[in-house]
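Participant: One structure is given below, represented as structure tokens, and several questions about it will come after.
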Amino acid sequence: MTEKLEAPRLGEPYLLTPGPLTTSYRVKAAMLRDWGSWDSDFRAMTAELRQRLLAMLGDGHENFDCVPMQGSGTFAVEAMLGSFVPHDGKVLVLANGAYGLRAAETLRYLGRDLVLLDKGDYMPPRGEEVAQILAGDPEITHVIVAHCETSSGILNPIAEISEATYAAGRKFLIDSMSAFGAVPAEVATIRFDALVSSANKCIEGVPGFGFVLARISELEAAKGRSHSLSLDVHAQWAHMNKTGQWRFTPPTHVVVAFLEALRAHEEEGGVAARGARYARNRDVVVAGMRELSFDTLLADRWLSPIIVTFFCPADPKFVFDDFYRMMKNRGFIIYPGKLTVVASFRIGCIGQMDEYVMAQVVVAAKECLAEMGVADASPPEAALIEKAKLAA
Ligand SMILES: *Cc1c(COP(=O)(O)O)cnc(C)c1O
């Protein structure tokens, strides 16, 4: 058992959500100071931040560079697609949830050709399917997938997708928004040309910017390609390398808080330790909720350490809005589900929380069931039919 983490102050609830999430006091305290964006102290912080993120790619990271981009994660995805996919390129979008579909929507805005493999609410896109689609369509230049599809919490099989992509001579882009920093993405193990993530997920910073980690050759090739002034990754990269500054006003407080979060990430033991803490969080909440007769959408092999989807109980006395309010009264903000076929809710495992907190989440859920008069939290038959699809 590990040492307990500090609880949020001032009676704040824990955010069991996939970002914004519960941050440490240390990260919040770092924002209590103003910085000049052009000043050398701030430029040094930007440089350290970029270097620390690059180092997480492990051996071979020298061939990559890190480009922070203002805005939420979606801005970074749009920046990546608009900068790395040529105007006459074509993207195979692998979707099994809202974020995959959003990448497709982004490409439509950008006027880029795309093929959408829509697997529905959660079924994972597999390497063989990707190989087959690429073999049949030589015009496809890029493949994109969400690393952890946060809408269901599934961890997509990016290693086999990457292999299929490069075996067919195409390029792989990863939306690792909710996974980077907790799930390994080392370039020596998984080949890709660009990956995006943001400040307010597994690194445990506050929202305000995203970042692109891209192969330097791709950054060079992106010159003049972007549709957008503010989302031009090449221009931001070139300017940052030349001046040390962001092109337009950076979210200074967010940047400083993020650097503090990166230092804490390293002190905790880096990606491996962060991932291990989140995995323990998941294991405790999943075991505890199953004990209460709740069921998860996904079988264990597909569960990510990021967020878990639970089915709402079949018992009509279970009303999600009441459950949400009762959990909030007990100090836990949970997250509604996103499945289209059966009612569900999600519990996030990321943020400044540990297994002791997750055990309290289970206790709170047990009390809420009792308060609602729900004796059995088993899901409806339809949920089990749904669940059997992936198990098969
Ligand atoms: C959070 C997230 C995003 C970006 O969402 P924003 O609300 O724009 O920050 C994109 N993809 C995935 C997989 C995510 O989890």
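The way I read the labels, and the way they are meant: chains A, B, ... in the order of the structure tokens, residue 1 as the first residue of every chain, and ligand 1 as the first ligand shown, with later ones counted on from there.
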Name the residues, by chain letter and number, that sit within 6 Å of ligand 1 using only C-alpha atoms and all ligand atoms, and give them as a ChimeraX atom specification.
Facilitator: /A:72-74,99,146,148-150,175,177-178
Participant: Taking all heavy atoms for each residue, export the selection above as a compact mmCIF listing (two decimals), in the first residue's frame.
Facilitator:
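Result file follows (result_20.txt):
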# COMPACT_ATOMS: atom_id res chain seq x y z
N SER A 72 -7.99 23.96 -25.97
CA SER A 72 -8.26 22.65 -25.36
C SER A 72 -7.71 21.55 -26.27
O SER A 72 -7.14 21.84 -27.34
CB SER A 72 -9.77 22.46 -25.13
OG SER A 72 -10.39 21.98 -26.30
N GLY A 73 -7.88 20.32 -25.88
CA GLY A 73 -7.35 19.20 -26.64
C GLY A 73 -7.82 19.15 -28.08
O GLY A 73 -7.05 18.82 -28.99
N THR A 74 -9.07 19.47 -28.29
CA THR A 74 -9.63 19.43 -29.65
C THR A 74 -8.87 20.37 -30.59
O THR A 74 -8.69 20.06 -31.77
CB THR A 74 -11.13 19.82 -29.59
OG1 THR A 74 -11.78 18.91 -28.69
CG2 THR A 74 -11.80 19.74 -30.95
N TYR A 99 -14.76 10.59 -29.60
CA TYR A 99 -13.54 11.29 -30.00
C TYR A 99 -13.06 10.88 -31.39
O TYR A 99 -12.53 11.71 -32.13
CB TYR A 99 -12.45 11.13 -28.93
CG TYR A 99 -12.87 11.86 -27.68
CD1 TYR A 99 -13.35 11.17 -26.56
CD2 TYR A 99 -12.87 13.25 -27.62
CE1 TYR A 99 -13.79 11.85 -25.43
CE2 TYR A 99 -13.31 13.93 -26.51
CZ TYR A 99 -13.76 13.23 -25.41
OH TYR A 99 -14.20 13.91 -24.30
N ALA A 146 -8.02 7.15 -31.50
CA ALA A 146 -7.91 7.58 -30.10
C ALA A 146 -7.23 6.46 -29.32
O ALA A 146 -7.64 5.30 -29.42
CB ALA A 146 -9.28 7.88 -29.51
N CYS A 148 -6.81 5.99 -25.83
CA CYS A 148 -7.90 5.57 -24.96
C CYS A 148 -9.12 6.32 -25.47
O CYS A 148 -9.11 7.54 -25.49
CB CYS A 148 -7.62 5.93 -23.51
SG CYS A 148 -9.08 5.75 -22.44
N GLU A 149 -10.15 5.61 -25.93
CA GLU A 149 -11.40 6.28 -26.36
C GLU A 149 -12.17 6.57 -25.07
O GLU A 149 -12.75 5.68 -24.45
CB GLU A 149 -12.15 5.40 -27.35
CG GLU A 149 -13.51 5.91 -27.80
CD GLU A 149 -13.59 7.39 -28.20
OE1 GLU A 149 -13.29 7.76 -29.35
OE2 GLU A 149 -14.01 8.17 -27.33
N THR A 150 -12.10 7.81 -24.66
CA THR A 150 -12.59 8.22 -23.34
C THR A 150 -14.10 8.06 -23.20
O THR A 150 -14.62 8.03 -22.08
CB THR A 150 -12.17 9.68 -23.08
OG1 THR A 150 -10.87 9.88 -23.65
CG2 THR A 150 -12.09 10.00 -21.62
N ASP A 175 -4.42 10.23 -31.20
CA ASP A 175 -5.03 11.12 -30.22
C ASP A 175 -4.86 10.42 -28.87
O ASP A 175 -5.65 9.57 -28.50
CB ASP A 175 -6.52 11.33 -30.56
CG ASP A 175 -7.27 12.02 -29.42
OD1 ASP A 175 -6.66 12.31 -28.38
OD2 ASP A 175 -8.48 12.26 -29.59
N MET A 177 -4.90 11.90 -26.03
CA MET A 177 -5.30 12.92 -25.06
C MET A 177 -5.41 12.39 -23.64
O MET A 177 -4.81 12.93 -22.72
CB MET A 177 -6.65 13.49 -25.50
CG MET A 177 -6.88 14.91 -25.12
SD MET A 177 -5.79 16.03 -25.97
CE MET A 177 -6.35 15.88 -27.65
N SER A 178 -6.21 11.34 -23.48
CA SER A 178 -6.52 10.89 -22.13
C SER A 178 -5.58 9.79 -21.65
O SER A 178 -5.77 9.26 -20.56
CB SER A 178 -7.97 10.39 -22.07
OG SER A 178 -8.16 9.31 -22.96
Participant: Give me the segment 255-369 of chain A side of the contact with segment 192-201 of chain A, cut-off 9 Å, one line per residue showing its nearest atom pair and distance in Å at one decimal, counting only C-alpha atoms, sorted by chain and residue number, as JSON lines.
Facilitator:
{"residue": "A:Val255", "atom": "CA", "partner": "A:Ala199", "partner_atom": "CA", "distance": 8.4}
{"residue": "A:Phe258", "atom": "CA", "partner": "A:Ala199", "partner_atom": "CA", "distance": 6.4}
{"residue": "A:Ile350", "atom": "CA", "partner": "A:Lys201", "partner_atom": "CA", "distance": 7.4}
{"residue": "A:Gly351", "atom": "CA", "partner": "A:Lys201", "partner_atom": "CA", "distance": 7.4}
Participant: For the interface of segment 149-212 of chain A with segment 269-275 of chain A (cut-off 8 Å, counting only C-alpha atoms), please tabulate each contacting residue of segment 149-212 of chain A alongside its nearest pair of atoms and their separation in Å to one decimal, rows sorted by chain and increasing number, as a Markdown table.
Facilitator:
| residue | atom | partner | partner_atom | distance |
| --- | --- | --- | --- | --- |
| A:Gly181 | CA | A:Val271 | CA | 5.1 |
| A:Ala182 | CA | A:Gly275 | CA | 4.1 |
| A:Val183 | CA | A:Gly275 | CA | 5.9 |
| A:Pro184 | CA | A:Val271 | CA | 6.5 |
| A:Cys202 | CA | A:Arg274 | CA | 8.0 |
Participant: Let's see if you can do this: from backbone DSSP, list all helix (DSSP H, G or I) residues in segment 52-232 of chain A, as a PyMOL selection string.
Facilitator: chain A and resi 52-55+61-63+73-84+98-110+127-136+158-167+216-221
Participant: Write out as a PDB file with all heavy atoms, in the first residue's frame each polymer residue whose atoms come within 7 Å of segment 47-64 of chain A, counting only C-alpha atoms; drop sequence neighbours fewer than 3 positions from it.
Facilitator:
ATOM      1  N   ARG A  43      10.374  31.830 -20.748  1.00  0.00           N
ATOM      2  CA  ARG A  43      10.876  31.076 -21.902  1.00  0.00           C
ATOM      3  C   ARG A  43      11.595  29.811 -21.452  1.00  0.00           C
ATOM      4  O   ARG A  43      11.456  28.753 -22.071  1.00  0.00           O
ATOM      5  CB  ARG A  43      11.798  31.958 -22.748  1.00  0.00           C
ATOM      6  CG  ARG A  43      11.002  32.869 -23.687  1.00  0.00           C
ATOM      7  CD  ARG A  43      11.906  33.667 -24.581  1.00  0.00           C
ATOM      8  NE  ARG A  43      12.429  34.831 -23.874  1.00  0.00           N
ATOM      9  CZ  ARG A  43      13.568  35.441 -24.154  1.00  0.00           C
ATOM     10  NH1 ARG A  43      14.337  35.001 -25.122  1.00  0.00           N
ATOM     11  NH2 ARG A  43      13.957  36.484 -23.465  1.00  0.00           N
ATOM     12  N   ALA A  44      12.333  29.928 -20.341  1.00  0.00           N
ATOM     13  CA  ALA A  44      13.041  28.746 -19.825  1.00  0.00           C
ATOM     14  C   ALA A  44      12.036  27.679 -19.384  1.00  0.00           C
ATOM     15  O   ALA A  44      12.268  26.476 -19.559  1.00  0.00           O
ATOM     16  CB  ALA A  44      13.941  29.147 -18.651  1.00  0.00           C
ATOM     17  N   ALA A 185       3.930   5.437 -24.471  1.00  0.00           N
ATOM     18  CA  ALA A 185       3.866   5.718 -25.915  1.00  0.00           C
ATOM     19  C   ALA A 185       5.297   5.977 -26.346  1.00  0.00           C
ATOM     20  O   ALA A 185       5.642   7.057 -26.816  1.00  0.00           O
ATOM     21  CB  ALA A 185       2.976   6.922 -26.179  1.00  0.00           C
ATOM     22  N   GLU A 186       6.155   4.983 -26.144  1.00  0.00           N
ATOM     23  CA  GLU A 186       7.570   5.171 -26.465  1.00  0.00           C
ATOM     24  C   GLU A 186       7.808   4.871 -27.931  1.00  0.00           C
ATOM     25  O   GLU A 186       7.330   3.858 -28.446  1.00  0.00           O
ATOM     26  CB  GLU A 186       8.427   4.272 -25.568  1.00  0.00           C
ATOM     27  CG  GLU A 186       8.237   4.639 -24.112  1.00  0.00           C
ATOM     28  CD  GLU A 186       9.354   4.147 -23.211  1.00  0.00           C
ATOM     29  OE1 GLU A 186      10.283   3.486 -23.726  1.00  0.00           O
ATOM     30  OE2 GLU A 186       9.288   4.437 -22.016  1.00  0.00           O
ATOM     31  N   VAL A 187       8.558   5.762 -28.574  1.00  0.00           N
ATOM     32  CA  VAL A 187       8.720   5.644 -30.023  1.00  0.00           C
ATOM     33  C   VAL A 187       9.526   4.413 -30.432  1.00  0.00           C
ATOM     34  O   VAL A 187       9.430   3.962 -31.569  1.00  0.00           O
ATOM     35  CB  VAL A 187       9.328   6.925 -30.645  1.00  0.00           C
ATOM     36  CG1 VAL A 187       8.339   8.072 -30.528  1.00  0.00           C
ATOM     37  CG2 VAL A 187      10.652   7.289 -30.006  1.00  0.00           C
ATOM     38  N   ALA A 188      10.300   3.851 -29.511  1.00  0.00           N
ATOM     39  CA  ALA A 188      11.043   2.639 -29.845  1.00  0.00           C
ATOM     40  C   ALA A 188      10.104   1.434 -29.891  1.00  0.00           C
ATOM     41  O   ALA A 188      10.413   0.408 -30.493  1.00  0.00           O
ATOM     42  CB  ALA A 188      12.160   2.408 -28.830  1.00  0.00           C
ATOM     43  N   LEU A 213       3.395  16.078 -30.276  1.00  0.00           N
ATOM     44  CA  LEU A 213       4.721  15.469 -30.306  1.00  0.00           C
ATOM     45  C   LEU A 213       4.848  14.844 -31.684  1.00  0.00           C
ATOM     46  O   LEU A 213       4.123  13.901 -32.014  1.00  0.00           O
ATOM     47  CB  LEU A 213       4.843  14.404 -29.215  1.00  0.00           C
ATOM     48  CG  LEU A 213       4.848  14.960 -27.783  1.00  0.00           C
ATOM     49  CD1 LEU A 213       4.513  13.884 -26.765  1.00  0.00           C
ATOM     50  CD2 LEU A 213       6.196  15.588 -27.456  1.00  0.00           C
ATOM     51  N   ALA A 214       5.734  15.416 -32.496  1.00  0.00           N
ATOM     52  CA  ALA A 214       5.778  14.972 -33.891  1.00  0.00           C
ATOM     53  C   ALA A 214       7.198  14.736 -34.358  1.00  0.00           C
ATOM     54  O   ALA A 214       8.150  15.357 -33.863  1.00  0.00           O
ATOM     55  CB  ALA A 214       5.098  16.003 -34.791  1.00  0.00           C
ATOM     56  N   ARG A 215       7.320  13.847 -35.312  1.00  0.00           N
ATOM     57  CA  ARG A 215       8.595  13.579 -35.961  1.00  0.00           C
ATOM     58  C   ARG A 215       9.070  14.870 -36.636  1.00  0.00           C
ATOM     59  O   ARG A 215       8.269  15.579 -37.262  1.00  0.00           O
ATOM     60  CB  ARG A 215       8.364  12.491 -37.012  1.00  0.00           C
ATOM     61  CG  ARG A 215       9.541  11.636 -37.331  1.00  0.00           C
ATOM     62  CD  ARG A 215       9.128  10.502 -38.268  1.00  0.00           C
ATOM     63  NE  ARG A 215       8.466   9.402 -37.579  1.00  0.00           N
ATOM     64  CZ  ARG A 215       9.107   8.476 -36.863  1.00  0.00           C
ATOM     65  NH1 ARG A 215      10.422   8.495 -36.769  1.00  0.00           N
ATOM     66  NH2 ARG A 215       8.448   7.515 -36.249  1.00  0.00           N
ATOM     67  N   ILE A 216      10.353  15.195 -36.466  1.00  0.00           N
ATOM     68  CA  ILE A 216      10.877  16.457 -36.989  1.00  0.00           C
ATOM     69  C   ILE A 216      10.687  16.556 -38.508  1.00  0.00           C
ATOM     70  O   ILE A 216      10.340  17.612 -39.035  1.00  0.00           O
ATOM     71  CB  ILE A 216      12.355  16.640 -36.568  1.00  0.00           C
ATOM     72  CG1 ILE A 216      12.396  16.901 -35.054  1.00  0.00           C
ATOM     73  CG2 ILE A 216      13.025  17.782 -37.332  1.00  0.00           C
ATOM     74  CD1 ILE A 216      13.769  16.896 -34.429  1.00  0.00           C
ATOM     75  N   LEU A 259       4.110  22.764 -15.654  1.00  0.00           N
ATOM     76  CA  LEU A 259       5.508  22.423 -15.398  1.00  0.00           C
ATOM     77  C   LEU A 259       5.640  21.809 -14.000  1.00  0.00           C
ATOM     78  O   LEU A 259       6.359  20.824 -13.801  1.00  0.00           O
ATOM     79  CB  LEU A 259       6.390  23.669 -15.547  1.00  0.00           C
ATOM     80  CG  LEU A 259       7.884  23.444 -15.396  1.00  0.00           C
ATOM     81  CD1 LEU A 259       8.379  22.351 -16.333  1.00  0.00           C
ATOM     82  CD2 LEU A 259       8.641  24.743 -15.655  1.00  0.00           C
TER      83      LEU A 259
END
Participant: Go through A:Ile190, A:Leu262, A:Ile334, A:Ile306 one by one, measure the shortest atom-to-atom distance of each to Arg346 of chain A using only C-alpha atoms, and give the residue with the smallest value.
Facilitator: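 Of all the options, A:Ile334 lies closest to Arg346 of chain A.
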Participant: At most 7 Å is the cut-off: for each residue in segment 198-267 of chain A with any atom that close to an atom of segment 18-28 of chain A, write down the nearest atom pair and the distance in Å rounded to one decimal, counting only C-alpha atoms, chain first then increasing number, as JSON lines.
Facilitator:
{"residue": "A:Asn200", "atom": "CA", "partner": "A:Gly19", "partner_atom": "CA", "distance": 5.4}
{"residue": "A:Lys201", "atom": "CA", "partner": "A:Gly19", "partner_atom": "CA", "distance": 5.1}
{"residue": "A:Glu204", "atom": "CA", "partner": "A:Thr23", "partner_atom": "CA", "distance": 5.7}
{"residue": "A:Gly205", "atom": "CA", "partner": "A:Thr23", "partner_atom": "CA", "distance": 6.5}
{"residue": "A:Val206", "atom": "CA", "partner": "A:Pro20", "partner_atom": "CA", "distance": 6.5}
{"residue": "A:Pro207", "atom": "CA", "partner": "A:Pro20", "partner_atom": "CA", "distance": 6.3}
{"residue": "A:Ala257", "atom": "CA", "partner": "A:Val27", "partner_atom": "CA", "distance": 5.0}
{"residue": "A:Glu260", "atom": "CA", "partner": "A:Val27", "partner_atom": "CA", "distance": 5.8}
{"residue": "A:Ala261", "atom": "CA", "partner": "A:Val27", "partner_atom": "CA", "distance": 5.9}
Participant: Between A:Met358, A:Ala299, A:Leu107, A:Met240, which has the minimum distance to Ala279 of chain A (counting only C-alpha atoms)?
Facilitator: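 Result for the nearest residue to Ala279 of chain A: A:Met358.
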Participant: Do a neighbour search on Lys90 of chain A at 10 Å with only C-alpha atoms, toss out local chain neighbours closer than 4 positions, and write the hits as a ChimeraX atom specification.
Facilitator: /A:85-86,107,112-115,137-143
Participant: Going by DSSP on the backbone, which bits of segment 190-301 of chain A are strand (DSSP E or B)? Write them as a list in words, please.
Facilitator: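 Filtering segment 190-301 of chain A to strand (DSSP E or B) leaves Ala194, Leu195, Val196, Ser197, Ser198, Phe209, Gly210, Phe211, Val212, Leu213, Ala214, Arg215 and Thr296 of chain A.
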Participant: If we count only C-alpha atoms and set the cut-off at 9 Å, which residues sit around Phe248 of chain A, ignoring sequence neighbours fewer than 5 positions away in its own chain? Please answer as a PDB file with all heavy atoms, in the first residue's frame.
Facilitator:
ATOM      1  N   GLN A  70      -1.989  26.546 -27.814  1.00  0.00           N
ATOM      2  CA  GLN A  70      -3.048  27.091 -26.964  1.00  0.00           C
ATOM      3  C   GLN A  70      -4.395  26.446 -27.307  1.00  0.00           C
ATOM      4  O   GLN A  70      -4.618  26.069 -28.452  1.00  0.00           O
ATOM      5  CB  GLN A  70      -3.176  28.603 -27.163  1.00  0.00           C
ATOM      6  CG  GLN A  70      -1.987  29.420 -26.711  1.00  0.00           C
ATOM      7  CD  GLN A  70      -1.004  29.711 -27.819  1.00  0.00           C
ATOM      8  OE1 GLN A  70      -0.857  28.933 -28.758  1.00  0.00           O
ATOM      9  NE2 GLN A  70      -0.311  30.831 -27.722  1.00  0.00           N
ATOM     10  N   SER A 230      -3.757  30.385 -36.349  1.00  0.00           N
ATOM     11  CA  SER A 230      -3.480  30.093 -34.941  1.00  0.00           C
ATOM     12  C   SER A 230      -3.209  28.617 -34.685  1.00  0.00           C
ATOM     13  O   SER A 230      -2.621  28.263 -33.671  1.00  0.00           O
ATOM     14  CB  SER A 230      -4.634  30.586 -34.065  1.00  0.00           C
ATOM     15  OG  SER A 230      -5.846  30.041 -34.502  1.00  0.00           O
ATOM     16  N   GLN A 236       4.139  27.614 -35.226  1.00  0.00           N
ATOM     17  CA  GLN A 236       4.362  27.678 -33.777  1.00  0.00           C
ATOM     18  C   GLN A 236       5.738  27.075 -33.437  1.00  0.00           C
ATOM     19  O   GLN A 236       6.488  27.606 -32.639  1.00  0.00           O
ATOM     20  CB  GLN A 236       3.245  26.900 -33.061  1.00  0.00           C
ATOM     21  CG  GLN A 236       3.381  26.855 -31.543  1.00  0.00           C
ATOM     22  CD  GLN A 236       2.608  27.973 -30.841  1.00  0.00           C
ATOM     23  OE1 GLN A 236       2.527  29.100 -31.344  1.00  0.00           O
ATOM     24  NE2 GLN A 236       2.069  27.692 -29.693  1.00  0.00           N
TER      25      GLN A 236
END
